[in-house]
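Student: Just one file: my_file-v5.csv, with CSV, C-alpha atoms.
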chain,number,residue,atom,x,y,z
A,1,MET,CA,19.7,53.9,32.5
A,2,SER,CA,22.8,56.0,33.2
A,3,GLY,CA,24.9,57.8,30.5
A,4,GLY,CA,21.9,58.7,28.4
A,5,ALA,CA,21.1,55.1,27.5
A,6,SER,CA,17.5,54.0,27.2
A,7,PHE,CA,15.2,51.3,25.8
A,8,CYS,CA,13.0,52.1,22.9
A,9,GLY,CA,11.0,49.8,20.7
A,10,GLY,CA,13.1,46.7,21.6
A,11,SER,CA,16.4,48.5,21.0
A,12,LEU,CA,19.0,49.9,23.3
A,13,THR,CA,19.9,53.5,22.5
A,14,CYS,CA,22.8,55.5,23.8
A,15,GLY,CA,23.1,59.2,23.3
A,16,GLY,CA,20.5,59.1,20.5
A,17,TYR,CA,22.3,56.3,18.6
A,18,ARG,CA,21.0,52.8,18.3
A,19,LYS,CA,23.5,50.3,19.6
A,20,PHE,CA,21.7,47.0,19.8
A,21,ARG,CA,18.4,45.6,18.5
A,22,PHE,CA,16.8,42.8,20.5
A,23,PHE,CA,14.6,41.5,17.7
A,24,ASP,CA,14.9,41.6,14.0
A,25,GLY,CA,12.0,40.0,12.0
A,26,ARG,CA,13.9,39.9,8.8
A,27,GLU,CA,16.8,38.1,10.4
A,28,LEU,CA,14.5,35.6,12.0
A,29,SER,CA,12.8,34.9,8.7
A,30,SER,CA,16.1,34.3,7.0
A,31,MET,CA,17.2,31.9,9.7
A,32,ALA,CA,13.8,30.1,9.6
A,33,LYS,CA,14.1,29.5,5.9
A,34,ILE,CA,17.3,27.5,6.6
A,35,ALA,CA,16.4,25.9,9.9
A,36,ILE,CA,12.9,24.7,9.3
A,37,PRO,CA,13.6,22.6,6.2
A,38,SER,CA,16.6,21.1,8.0
A,39,ILE,CA,14.5,20.2,11.0
A,40,LEU,CA,11.8,18.7,8.8
A,41,GLN,CA,14.4,16.7,6.9
A,42,GLN,CA,16.0,15.3,10.1
A,43,SER,CA,12.6,14.5,11.6
A,44,THR,CA,11.4,12.6,8.6
A,45,VAL,CA,14.7,10.7,8.4
A,46,SER,CA,14.2,9.5,12.0
A,47,ILE,CA,10.7,8.4,11.2
A,48,GLY,CA,11.9,6.6,8.0
A,49,MET,CA,14.7,4.8,9.8
A,50,MET,CA,12.1,3.5,12.3
A,51,LEU,CA,10.1,2.1,9.5
A,52,VAL,CA,13.1,0.4,8.0
A,53,GLN,CA,14.1,-0.9,11.4
A,54,SER,CA,10.6,-2.5,11.7
A,55,VAL,CA,11.2,-4.3,8.4
A,56,VAL,CA,14.5,-5.7,9.7
A,57,ASN,CA,12.8,-6.7,13.0
A,58,SER,CA,10.5,-9.0,11.1
A,59,PHE,CA,13.5,-11.2,10.1
A,60,GLY,CA,14.3,-12.1,13.6
A,61,SER,CA,16.6,-11.2,16.4
A,62,GLU,CA,19.7,-12.7,14.8
A,63,ALA,CA,19.3,-10.8,11.5
A,64,LEU,CA,18.6,-7.7,13.6
A,65,ALA,CA,21.9,-8.2,15.5
A,66,GLY,CA,23.8,-8.4,12.3
A,67,TYR,CA,22.1,-5.4,10.8
A,68,SER,CA,22.7,-3.4,13.9
A,69,ALA,CA,26.4,-4.2,13.8
A,70,PHE,CA,26.5,-3.1,10.2
A,71,SER,CA,24.7,0.1,11.0
A,72,ARG,CA,27.2,1.1,13.7
A,73,ILE,CA,30.1,0.6,11.3
A,74,ALA,CA,28.3,2.5,8.5
A,75,SER,CA,27.6,5.4,10.8
A,76,ILE,CA,31.4,5.7,11.5
A,77,ALA,CA,32.3,5.2,7.8
A,78,ILE,CA,30.2,8.2,6.6
A,79,VAL,CA,31.7,10.6,9.1
A,80,PRO,CA,34.2,12.0,6.5
A,81,MET,CA,31.4,12.6,4.1
A,82,ALA,CA,29.3,14.4,6.8
A,83,ALA,CA,32.3,16.6,7.5
A,84,LEU,CA,32.5,17.5,3.9
A,85,ASN,CA,28.9,18.4,3.9
A,86,ASN,CA,29.3,20.8,6.8
A,87,SER,CA,32.5,22.2,5.2
A,88,MET,CA,30.7,22.9,1.9
A,89,PHE,CA,27.8,24.5,3.8
A,90,SER,CA,30.1,27.1,5.6
A,91,TYR,CA,32.4,27.6,2.6
A,92,THR,CA,29.5,28.3,0.2
A,93,ALA,CA,27.7,30.7,2.6
A,94,GLN,CA,30.9,32.6,3.2
A,95,ASN,CA,31.9,33.0,-0.4
A,96,ILE,CA,28.4,33.8,-1.7
A,97,GLY,CA,28.2,36.4,1.0
A,98,ALA,CA,31.5,37.8,-0.1
A,99,GLY,CA,30.2,37.9,-3.7
A,100,LYS,CA,32.6,35.2,-5.0
A,101,PRO,CA,30.5,32.3,-6.3
A,102,GLU,CA,33.3,31.2,-8.6
A,103,ARG,CA,35.2,30.1,-5.5
A,104,VAL,CA,32.3,27.9,-4.5
A,105,VAL,CA,32.7,26.0,-7.8
A,106,LYS,CA,36.4,25.5,-7.2
A,107,GLY,CA,35.7,24.4,-3.7
A,108,TYR,CA,33.0,21.9,-4.8
A,109,ARG,CA,35.3,20.3,-7.3
A,110,ALA,CA,38.0,19.9,-4.6
A,111,ALA,CA,35.3,18.4,-2.3
A,112,ASN,CA,34.4,15.8,-4.9
A,113,LEU,CA,38.1,14.8,-5.2
A,114,MET,CA,38.2,14.3,-1.5
A,115,VAL,CA,35.0,12.2,-1.7
A,116,ALA,CA,36.6,10.0,-4.3
A,117,PHE,CA,39.7,9.5,-2.1
A,118,PHE,CA,37.6,8.7,1.0
A,119,ALA,CA,35.3,6.4,-0.9
A,120,VAL,CA,38.1,4.3,-2.4
A,121,THR,CA,39.9,4.1,1.0
A,122,LEU,CA,36.7,3.0,2.8
A,123,CYS,CA,35.9,0.5,0.1
A,124,LEU,CA,39.3,-1.1,0.3
A,125,CYS,CA,39.3,-1.2,4.1
A,126,ILE,CA,35.8,-2.7,4.3
A,127,GLU,CA,36.4,-5.3,1.6
A,128,ILE,CA,39.6,-6.5,3.3
A,129,PHE,CA,38.5,-6.2,7.0
A,130,TYR,CA,34.7,-6.8,6.8
A,131,ARG,CA,34.9,-10.1,8.9
A,132,PRO,CA,36.8,-8.6,11.9
A,133,LEU,CA,34.8,-5.4,11.7
A,134,ILE,CA,31.5,-7.2,12.1
A,135,SER,CA,32.9,-9.6,14.7
A,136,LEU,CA,34.1,-6.6,16.7
A,137,PHE,CA,30.5,-5.6,17.4
A,138,ILE,CA,28.9,-9.1,17.4
A,139,GLY,CA,31.7,-11.0,19.2
A,140,ASP,CA,32.9,-14.5,18.7
A,141,GLY,CA,29.7,-15.9,20.1
A,142,GLY,CA,27.5,-14.3,17.4
A,143,SER,CA,25.3,-16.6,15.4
A,144,GLU,CA,26.0,-17.5,11.8
A,145,THR,CA,22.9,-15.6,10.6
A,146,ALA,CA,24.0,-12.4,12.5
A,147,LEU,CA,27.5,-12.6,11.0
A,148,ARG,CA,26.3,-13.4,7.5
A,149,THR,CA,23.8,-10.5,7.6
A,150,GLY,CA,26.2,-7.9,8.9
A,151,GLN,CA,29.0,-8.9,6.5
A,152,ALA,CA,26.7,-9.0,3.5
A,153,ALA,CA,25.3,-5.5,4.2
A,154,LEU,CA,28.7,-4.1,4.9
A,155,ARG,CA,30.4,-5.5,1.8
A,156,PHE,CA,27.6,-4.3,-0.4
A,157,GLU,CA,27.4,-0.8,0.9
A,158,GLY,CA,31.1,-0.4,0.9
A,159,PHE,CA,31.1,-0.1,-2.9
A,160,PHE,CA,28.7,2.9,-2.8
A,161,TYR,CA,30.1,5.4,-0.3
A,162,CYS,CA,31.0,7.6,-3.2
A,163,TRP,CA,27.3,8.3,-3.8
A,164,ILE,CA,26.7,9.5,-0.3
A,165,GLY,CA,29.8,11.5,-0.5
A,166,PHE,CA,28.8,13.2,-3.8
A,167,LYS,CA,25.3,13.8,-2.5
A,168,MET,CA,26.5,15.3,0.8
A,169,ALA,CA,29.0,17.6,-0.9
A,170,CYS,CA,26.2,18.9,-3.2
A,171,ASP,CA,23.7,19.1,-0.4
A,172,GLY,CA,26.1,21.2,1.6
A,173,LEU,CA,26.5,23.6,-1.3
A,174,LEU,CA,22.8,24.0,-1.7
A,175,ARG,CA,22.2,24.5,2.1
A,176,GLY,CA,25.0,27.1,2.2
A,177,ALA,CA,23.4,28.9,-0.7
A,178,GLY,CA,20.0,28.9,0.9
A,179,ASP,CA,18.5,26.7,-1.8
A,180,MET,CA,16.5,24.7,0.8
A,181,LYS,CA,13.5,23.6,-1.4
A,182,VAL,CA,15.6,21.4,-3.7
A,183,PHE,CA,17.7,20.2,-0.8
A,184,THR,CA,14.6,19.1,1.2
A,185,LEU,CA,13.0,17.6,-1.9
A,186,ALA,CA,16.1,15.6,-2.8
A,187,ASN,CA,16.4,14.2,0.7
A,188,LEU,CA,12.8,13.3,1.1
A,189,ILE,CA,12.9,11.4,-2.2
A,190,ASN,CA,16.0,9.7,-1.0
A,191,LEU,CA,14.2,8.6,2.2
A,192,SER,CA,11.1,7.6,0.3
A,193,ILE,CA,13.0,5.3,-2.0
A,194,ARG,CA,14.7,3.6,1.0
A,195,VAL,CA,11.5,3.1,2.9
A,196,VAL,CA,9.3,2.0,0.0
A,197,VAL,CA,11.9,-0.4,-1.4
A,198,SER,CA,12.5,-1.9,2.0
A,199,VAL,CA,8.9,-2.2,3.0
A,200,VAL,CA,7.7,-3.6,-0.4
A,201,CYS,CA,10.7,-5.7,-1.6
A,202,ALA,CA,12.4,-7.0,1.6
A,203,PRO,CA,9.4,-9.1,2.8
A,204,ARG,CA,9.0,-10.7,-0.6
A,205,PHE,CA,12.6,-11.1,-1.9
A,206,GLY,CA,14.8,-11.1,1.3
A,207,ILE,CA,16.4,-8.8,3.8
A,208,GLU,CA,19.1,-7.9,1.3
A,209,TRP,CA,16.7,-5.3,-0.2
A,210,VAL,CA,17.0,-3.2,3.0
A,211,TRP,CA,20.6,-2.4,2.1
A,212,TYR,CA,20.0,-2.6,-1.6
A,213,SER,CA,17.7,0.4,-1.2
A,214,VAL,CA,20.4,2.6,0.4
A,215,PRO,CA,22.5,3.4,-2.7
A,216,MET,CA,19.3,3.8,-4.7
A,217,GLY,CA,18.2,6.6,-2.5
A,218,TRP,CA,21.7,8.2,-2.3
A,219,PHE,CA,22.0,8.2,-6.1
A,220,MET,CA,18.6,9.8,-6.8
A,221,ASN,CA,19.4,12.4,-4.1
A,222,PHE,CA,22.6,13.3,-5.8
A,223,VAL,CA,21.0,13.4,-9.3
A,224,ILE,CA,18.4,16.0,-8.1
A,225,SER,CA,20.9,18.1,-6.1
A,226,PHE,CA,23.5,18.1,-8.9
A,227,ALA,CA,20.8,19.0,-11.5
A,228,GLU,CA,20.0,22.1,-9.3
A,229,TYR,CA,23.7,22.9,-9.0
A,230,ARG,CA,24.1,22.8,-12.7
A,231,THR,CA,21.3,25.4,-13.2
A,232,GLY,CA,23.3,28.0,-11.3
A,233,ASN,CA,20.1,29.1,-9.4
A,234,TRP,CA,21.9,28.6,-6.1
A,235,LYS,CA,24.1,31.6,-6.8
A,236,LYS,CA,21.1,33.9,-6.4
A,237,ARG,CA,19.6,32.5,-3.2
A,238,LEU,CA,21.4,34.4,-0.6
In structure tokens, write the structure found in this file.
Tutor:
Amino acid sequence: MSGGASFCGGSLTCGGYRKFRFFDGRELSSMAKIAIPSILQQSTVSIGMMLVQSVVNSFGSEALAGYSAFSRIASIAIVPMAALNNSMFSYTAQNIGAGKPERVVKGYRAANLMVAFFAVTLCLCIEIFYRPLISLFIGDGGSETALRTGQAALRFEGFFYCWIGFKMACDGLLRGAGDMKVFTLANLINLSIRVVVSVVCAPRFGIEWVWYSVPMGWFMNFVISFAEYRTGNWKKRL
């Protein structure tokens, strides 16, 4: 290369000074510690949701239509909570990297206040507008079973969005701090509760147990993540 630049050991050197390194094993290892547990968690969630879906399928196409309508609305409703999760992830990583973990605590408290605001707003909107919301996805020609299933699931879950918000804020903090073991464990337990309760209880006691299981999993996820947060171990991860 011109100008005295040359390749050596996977690095670009110029005039005897190293300018760029193409591969850094330590950097790759650090990234993998964050990425692999997240990939594992997302993969198991997809598998778990397939198992829950199979339970709903056993109740017939009309119940499935109602549950599908509810699931679409729920996926929209939790968007603010997911945004808080991503915000806490970035905020925590930046402040721990800057050596200011005390700012993370302040940010986490602020996030929980926003969770409370969003949860109350969502609950009020859902409890007031649950009929037109479900009808929007099912249509006026939807069967009574489909409407009843969707409305029952939506009204019940509407009271518990605070738990997914609190869990996501705490999960974001742990991810940002690199505390992936507890994050992964908490989310796997969350998923396990939802799958086991749905598979075991729904066929015996009714389809309602499919959505009864959801806040159970959220709550246990939050308890585990928050317990780790209280230990303060996350401050030393990065």
Student: Just how far from atom CA of A:Gly97 is atom CA of A:Cys170, in Å to one decimal?
Tutor: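 Computing it gives 18.1 Å between the two atoms.
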Student: Between A:Glu228, A:Asp171, A:Glu127, A:Asp179, which one has atoms that come closest to A:Phe89, using all atoms listed in the file?
Tutor: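 Nearest to A:Phe89: A:Asp171.
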Student: Would you mind listing what lies within 9 Å of A:Phe222 as a list in words, with all atoms listed in the file counted and same-chain residues fewer than 6 positions away left out?
Tutor: Trp163, Ile164, Phe166, Lys167, Met168, Cys170, Asp171, Ala186 and Asn190 of chain A
Student: Can you write out as JSON lines which residues of stretch 122-232 of chain A fall within 12 Å of stretch 50-67 of chain A, alongside each residue's closest atom pair and its distance in Å to one decimal, counting only C-alpha atoms and ordering rows by chain and ascending residue number?
Tutor:
{"residue": "A:Arg131", "atom": "CA", "partner": "A:Gly66", "partner_atom": "CA", "distance": 11.7}
{"residue": "A:Leu133", "atom": "CA", "partner": "A:Gly66", "partner_atom": "CA", "distance": 11.4}
{"residue": "A:Ile134", "atom": "CA", "partner": "A:Gly66", "partner_atom": "CA", "distance": 7.8}
{"residue": "A:Ser135", "atom": "CA", "partner": "A:Gly66", "partner_atom": "CA", "distance": 9.5}
{"residue": "A:Leu136", "atom": "CA", "partner": "A:Gly66", "partner_atom": "CA", "distance": 11.3}
{"residue": "A:Phe137", "atom": "CA", "partner": "A:Gly66", "partner_atom": "CA", "distance": 8.9}
{"residue": "A:Ile138", "atom": "CA", "partner": "A:Gly66", "partner_atom": "CA", "distance": 7.2}
{"residue": "A:Gly139", "atom": "CA", "partner": "A:Gly66", "partner_atom": "CA", "distance": 10.8}
{"residue": "A:Gly141", "atom": "CA", "partner": "A:Glu62", "partner_atom": "CA", "distance": 11.8}
{"residue": "A:Gly142", "atom": "CA", "partner": "A:Glu62", "partner_atom": "CA", "distance": 8.4}
{"residue": "A:Ser143", "atom": "CA", "partner": "A:Glu62", "partner_atom": "CA", "distance": 6.9}
{"residue": "A:Glu144", "atom": "CA", "partner": "A:Glu62", "partner_atom": "CA", "distance": 8.5}
{"residue": "A:Thr145", "atom": "CA", "partner": "A:Glu62", "partner_atom": "CA", "distance": 6.0}
{"residue": "A:Ala146", "atom": "CA", "partner": "A:Gly66", "partner_atom": "CA", "distance": 4.0}
{"residue": "A:Leu147", "atom": "CA", "partner": "A:Gly66", "partner_atom": "CA", "distance": 5.7}
{"residue": "A:Arg148", "atom": "CA", "partner": "A:Gly66", "partner_atom": "CA", "distance": 7.4}
{"residue": "A:Thr149", "atom": "CA", "partner": "A:Gly66", "partner_atom": "CA", "distance": 5.1}
{"residue": "A:Gly150", "atom": "CA", "partner": "A:Gly66", "partner_atom": "CA", "distance": 4.2}
{"residue": "A:Gln151", "atom": "CA", "partner": "A:Gly66", "partner_atom": "CA", "distance": 7.8}
{"residue": "A:Ala152", "atom": "CA", "partner": "A:Gly66", "partner_atom": "CA", "distance": 9.3}
{"residue": "A:Ala153", "atom": "CA", "partner": "A:Tyr67", "partner_atom": "CA", "distance": 7.3}
{"residue": "A:Leu154", "atom": "CA", "partner": "A:Tyr67", "partner_atom": "CA", "distance": 8.9}
{"residue": "A:Leu191", "atom": "CA", "partner": "A:Val52", "partner_atom": "CA", "distance": 10.1}
{"residue": "A:Ser192", "atom": "CA", "partner": "A:Val52", "partner_atom": "CA", "distance": 10.7}
{"residue": "A:Ile193", "atom": "CA", "partner": "A:Val52", "partner_atom": "CA", "distance": 11.1}
{"residue": "A:Arg194", "atom": "CA", "partner": "A:Val52", "partner_atom": "CA", "distance": 7.9}
{"residue": "A:Val195", "atom": "CA", "partner": "A:Val52", "partner_atom": "CA", "distance": 6.0}
{"residue": "A:Val196", "atom": "CA", "partner": "A:Val52", "partner_atom": "CA", "distance": 9.0}
{"residue": "A:Val197", "atom": "CA", "partner": "A:Val52", "partner_atom": "CA", "distance": 9.5}
{"residue": "A:Ser198", "atom": "CA", "partner": "A:Val52", "partner_atom": "CA", "distance": 6.5}
{"residue": "A:Val199", "atom": "CA", "partner": "A:Val55", "partner_atom": "CA", "distance": 6.2}
{"residue": "A:Val200", "atom": "CA", "partner": "A:Val55", "partner_atom": "CA", "distance": 9.5}
{"residue": "A:Cys201", "atom": "CA", "partner": "A:Val55", "partner_atom": "CA", "distance": 10.1}
{"residue": "A:Ala202", "atom": "CA", "partner": "A:Val55", "partner_atom": "CA", "distance": 7.4}
{"residue": "A:Pro203", "atom": "CA", "partner": "A:Val55", "partner_atom": "CA", "distance": 7.6}
{"residue": "A:Arg204", "atom": "CA", "partner": "A:Val55", "partner_atom": "CA", "distance": 11.3}
{"residue": "A:Gly206", "atom": "CA", "partner": "A:Phe59", "partner_atom": "CA", "distance": 8.9}
{"residue": "A:Ile207", "atom": "CA", "partner": "A:Val56", "partner_atom": "CA", "distance": 6.9}
{"residue": "A:Glu208", "atom": "CA", "partner": "A:Val56", "partner_atom": "CA", "distance": 9.8}
{"residue": "A:Trp209", "atom": "CA", "partner": "A:Val56", "partner_atom": "CA", "distance": 10.1}
{"residue": "A:Val210", "atom": "CA", "partner": "A:Val52", "partner_atom": "CA", "distance": 7.3}
{"residue": "A:Trp211", "atom": "CA", "partner": "A:Tyr67", "partner_atom": "CA", "distance": 9.3}
{"residue": "A:Ser213", "atom": "CA", "partner": "A:Val52", "partner_atom": "CA", "distance": 10.3}
{"residue": "A:Val214", "atom": "CA", "partner": "A:Val52", "partner_atom": "CA", "distance": 10.8}
Student: Have a look at A:Glu157, A:Phe205, A:Asn187, A:Tyr108 and name the one nearest to A:Arg230; count all atoms listed in the file.
Tutor: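 Among A:Glu157, A:Phe205, A:Asn187, A:Tyr108, it is A:Tyr108 that comes nearest to A:Arg230.
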Student: Please provide the set of residues having any atom within 9 Å of A:Ile224, restricted to all atoms listed in the file, with same-chain residues fewer than 3 positions apart removed, written as a ChimeraX atom specification.
Tutor: /A:182-183,185-186,219-221,227-229
Student: Using only C-alpha atoms, please write the residues we just selected to a file, as a PDB file, in the coordinates of the input.
Tutor:
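The result, stored in part-v3.pdb:
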ATOM      1  CA  VAL A 182      15.600  21.400  -3.700  1.00  0.00           C
ATOM      2  CA  PHE A 183      17.700  20.200  -0.800  1.00  0.00           C
ATOM      3  CA  LEU A 185      13.000  17.600  -1.900  1.00  0.00           C
ATOM      4  CA  ALA A 186      16.100  15.600  -2.800  1.00  0.00           C
ATOM      5  CA  PHE A 219      22.000   8.200  -6.100  1.00  0.00           C
ATOM      6  CA  MET A 220      18.600   9.800  -6.800  1.00  0.00           C
ATOM      7  CA  ASN A 221      19.400  12.400  -4.100  1.00  0.00           C
ATOM      8  CA  ALA A 227      20.800  19.000 -11.500  1.00  0.00           C
ATOM      9  CA  GLU A 228      20.000  22.100  -9.300  1.00  0.00           C
ATOM     10  CA  TYR A 229      23.700  22.900  -9.000  1.00  0.00           C
TER      11      TYR A 229
END
Student: Between atom CA of A:Thr184 and atom CA of A:Gly165, what is the distance, to one decimal in Å?
Tutor: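 A separation of 17.1 Å between them.
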Student: Using all atoms listed in the file, pick whichever of A:Ala119, A:Ile189, A:Ala177, A:Met216 has the shortest atom-to-atom distance to A:Val79.
Tutor: A:Ala119
Student: Rounded to one decimal, what separation in Å do you get between atom CA of A:Lys106 and atom CA of A:Ala82?
Tutor: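 About the pair atom CA of A:Lys106 and atom CA of A:Ala82: they are 19.2 Å apart.
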Student: Any chance you could model N, CA and C atoms for stretch 49-63 of chain A and send them as a PDB file, in the frame of the given file?
Tutor:
ATOM      1  N   MET A  49      13.772   5.849   9.292  1.00  0.00           N
ATOM      2  CA  MET A  49      14.700   4.800   9.800  1.00  0.00           C
ATOM      3  C   MET A  49      13.932   3.872  10.772  1.00  0.00           C
ATOM      4  N   MET A  50      12.945   4.400  11.485  1.00  0.00           N
ATOM      5  CA  MET A  50      12.100   3.500  12.300  1.00  0.00           C
ATOM      6  C   MET A  50      11.332   2.551  11.513  1.00  0.00           C
ATOM      7  N   LEU A  51      10.814   2.997  10.375  1.00  0.00           N
ATOM      8  CA  LEU A  51      10.100   2.100   9.500  1.00  0.00           C
ATOM      9  C   LEU A  51      10.974   1.023   8.919  1.00  0.00           C
ATOM     10  N   VAL A  52      12.178   1.417   8.505  1.00  0.00           N
ATOM     11  CA  VAL A  52      13.100   0.400   8.000  1.00  0.00           C
ATOM     12  C   VAL A  52      13.520  -0.556   9.071  1.00  0.00           C
ATOM     13  N   GLN A  53      13.706  -0.054  10.283  1.00  0.00           N
ATOM     14  CA  GLN A  53      14.100  -0.900  11.400  1.00  0.00           C
ATOM     15  C   GLN A  53      12.971  -1.954  11.666  1.00  0.00           C
ATOM     16  N   SER A  54      11.714  -1.544  11.512  1.00  0.00           N
ATOM     17  CA  SER A  54      10.600  -2.500  11.700  1.00  0.00           C
ATOM     18  C   SER A  54      10.623  -3.605  10.687  1.00  0.00           C
ATOM     19  N   VAL A  55      11.076  -3.286   9.475  1.00  0.00           N
ATOM     20  CA  VAL A  55      11.200  -4.300   8.400  1.00  0.00           C
ATOM     21  C   VAL A  55      12.270  -5.325   8.835  1.00  0.00           C
ATOM     22  N   VAL A  56      13.403  -4.824   9.316  1.00  0.00           N
ATOM     23  CA  VAL A  56      14.500  -5.700   9.700  1.00  0.00           C
ATOM     24  C   VAL A  56      14.048  -6.565  10.921  1.00  0.00           C
ATOM     25  N   ASN A  57      13.289  -5.995  11.831  1.00  0.00           N
ATOM     26  CA  ASN A  57      12.800  -6.700  13.000  1.00  0.00           C
ATOM     27  C   ASN A  57      12.032  -7.986  12.609  1.00  0.00           C
ATOM     28  N   SER A  58      11.322  -7.901  11.487  1.00  0.00           N
ATOM     29  CA  SER A  58      10.500  -9.000  11.100  1.00  0.00           C
ATOM     30  C   SER A  58      11.300 -10.244  10.644  1.00  0.00           C
ATOM     31  N   PHE A  59      12.610 -10.077  10.444  1.00  0.00           N
ATOM     32  CA  PHE A  59      13.500 -11.200  10.100  1.00  0.00           C
ATOM     33  C   PHE A  59      14.094 -11.898  11.254  1.00  0.00           C
ATOM     34  N   GLY A  60      13.775 -11.467  12.453  1.00  0.00           N
ATOM     35  CA  GLY A  60      14.300 -12.100  13.600  1.00  0.00           C
ATOM     36  C   GLY A  60      15.398 -11.433  14.331  1.00  0.00           C
ATOM     37  N   SER A  61      15.654 -11.834  15.568  1.00  0.00           N
ATOM     38  CA  SER A  61      16.600 -11.200  16.400  1.00  0.00           C
ATOM     39  C   SER A  61      18.071 -11.348  15.880  1.00  0.00           C
ATOM     40  N   GLU A  62      18.371 -12.505  15.267  1.00  0.00           N
ATOM     41  CA  GLU A  62      19.700 -12.700  14.800  1.00  0.00           C
ATOM     42  C   GLU A  62      20.053 -11.839  13.604  1.00  0.00           C
ATOM     43  N   ALA A  63      19.117 -11.721  12.674  1.00  0.00           N
ATOM     44  CA  ALA A  63      19.300 -10.800  11.500  1.00  0.00           C
ATOM     45  C   ALA A  63      19.400  -9.370  12.032  1.00  0.00           C
TER      46      ALA A  63
END
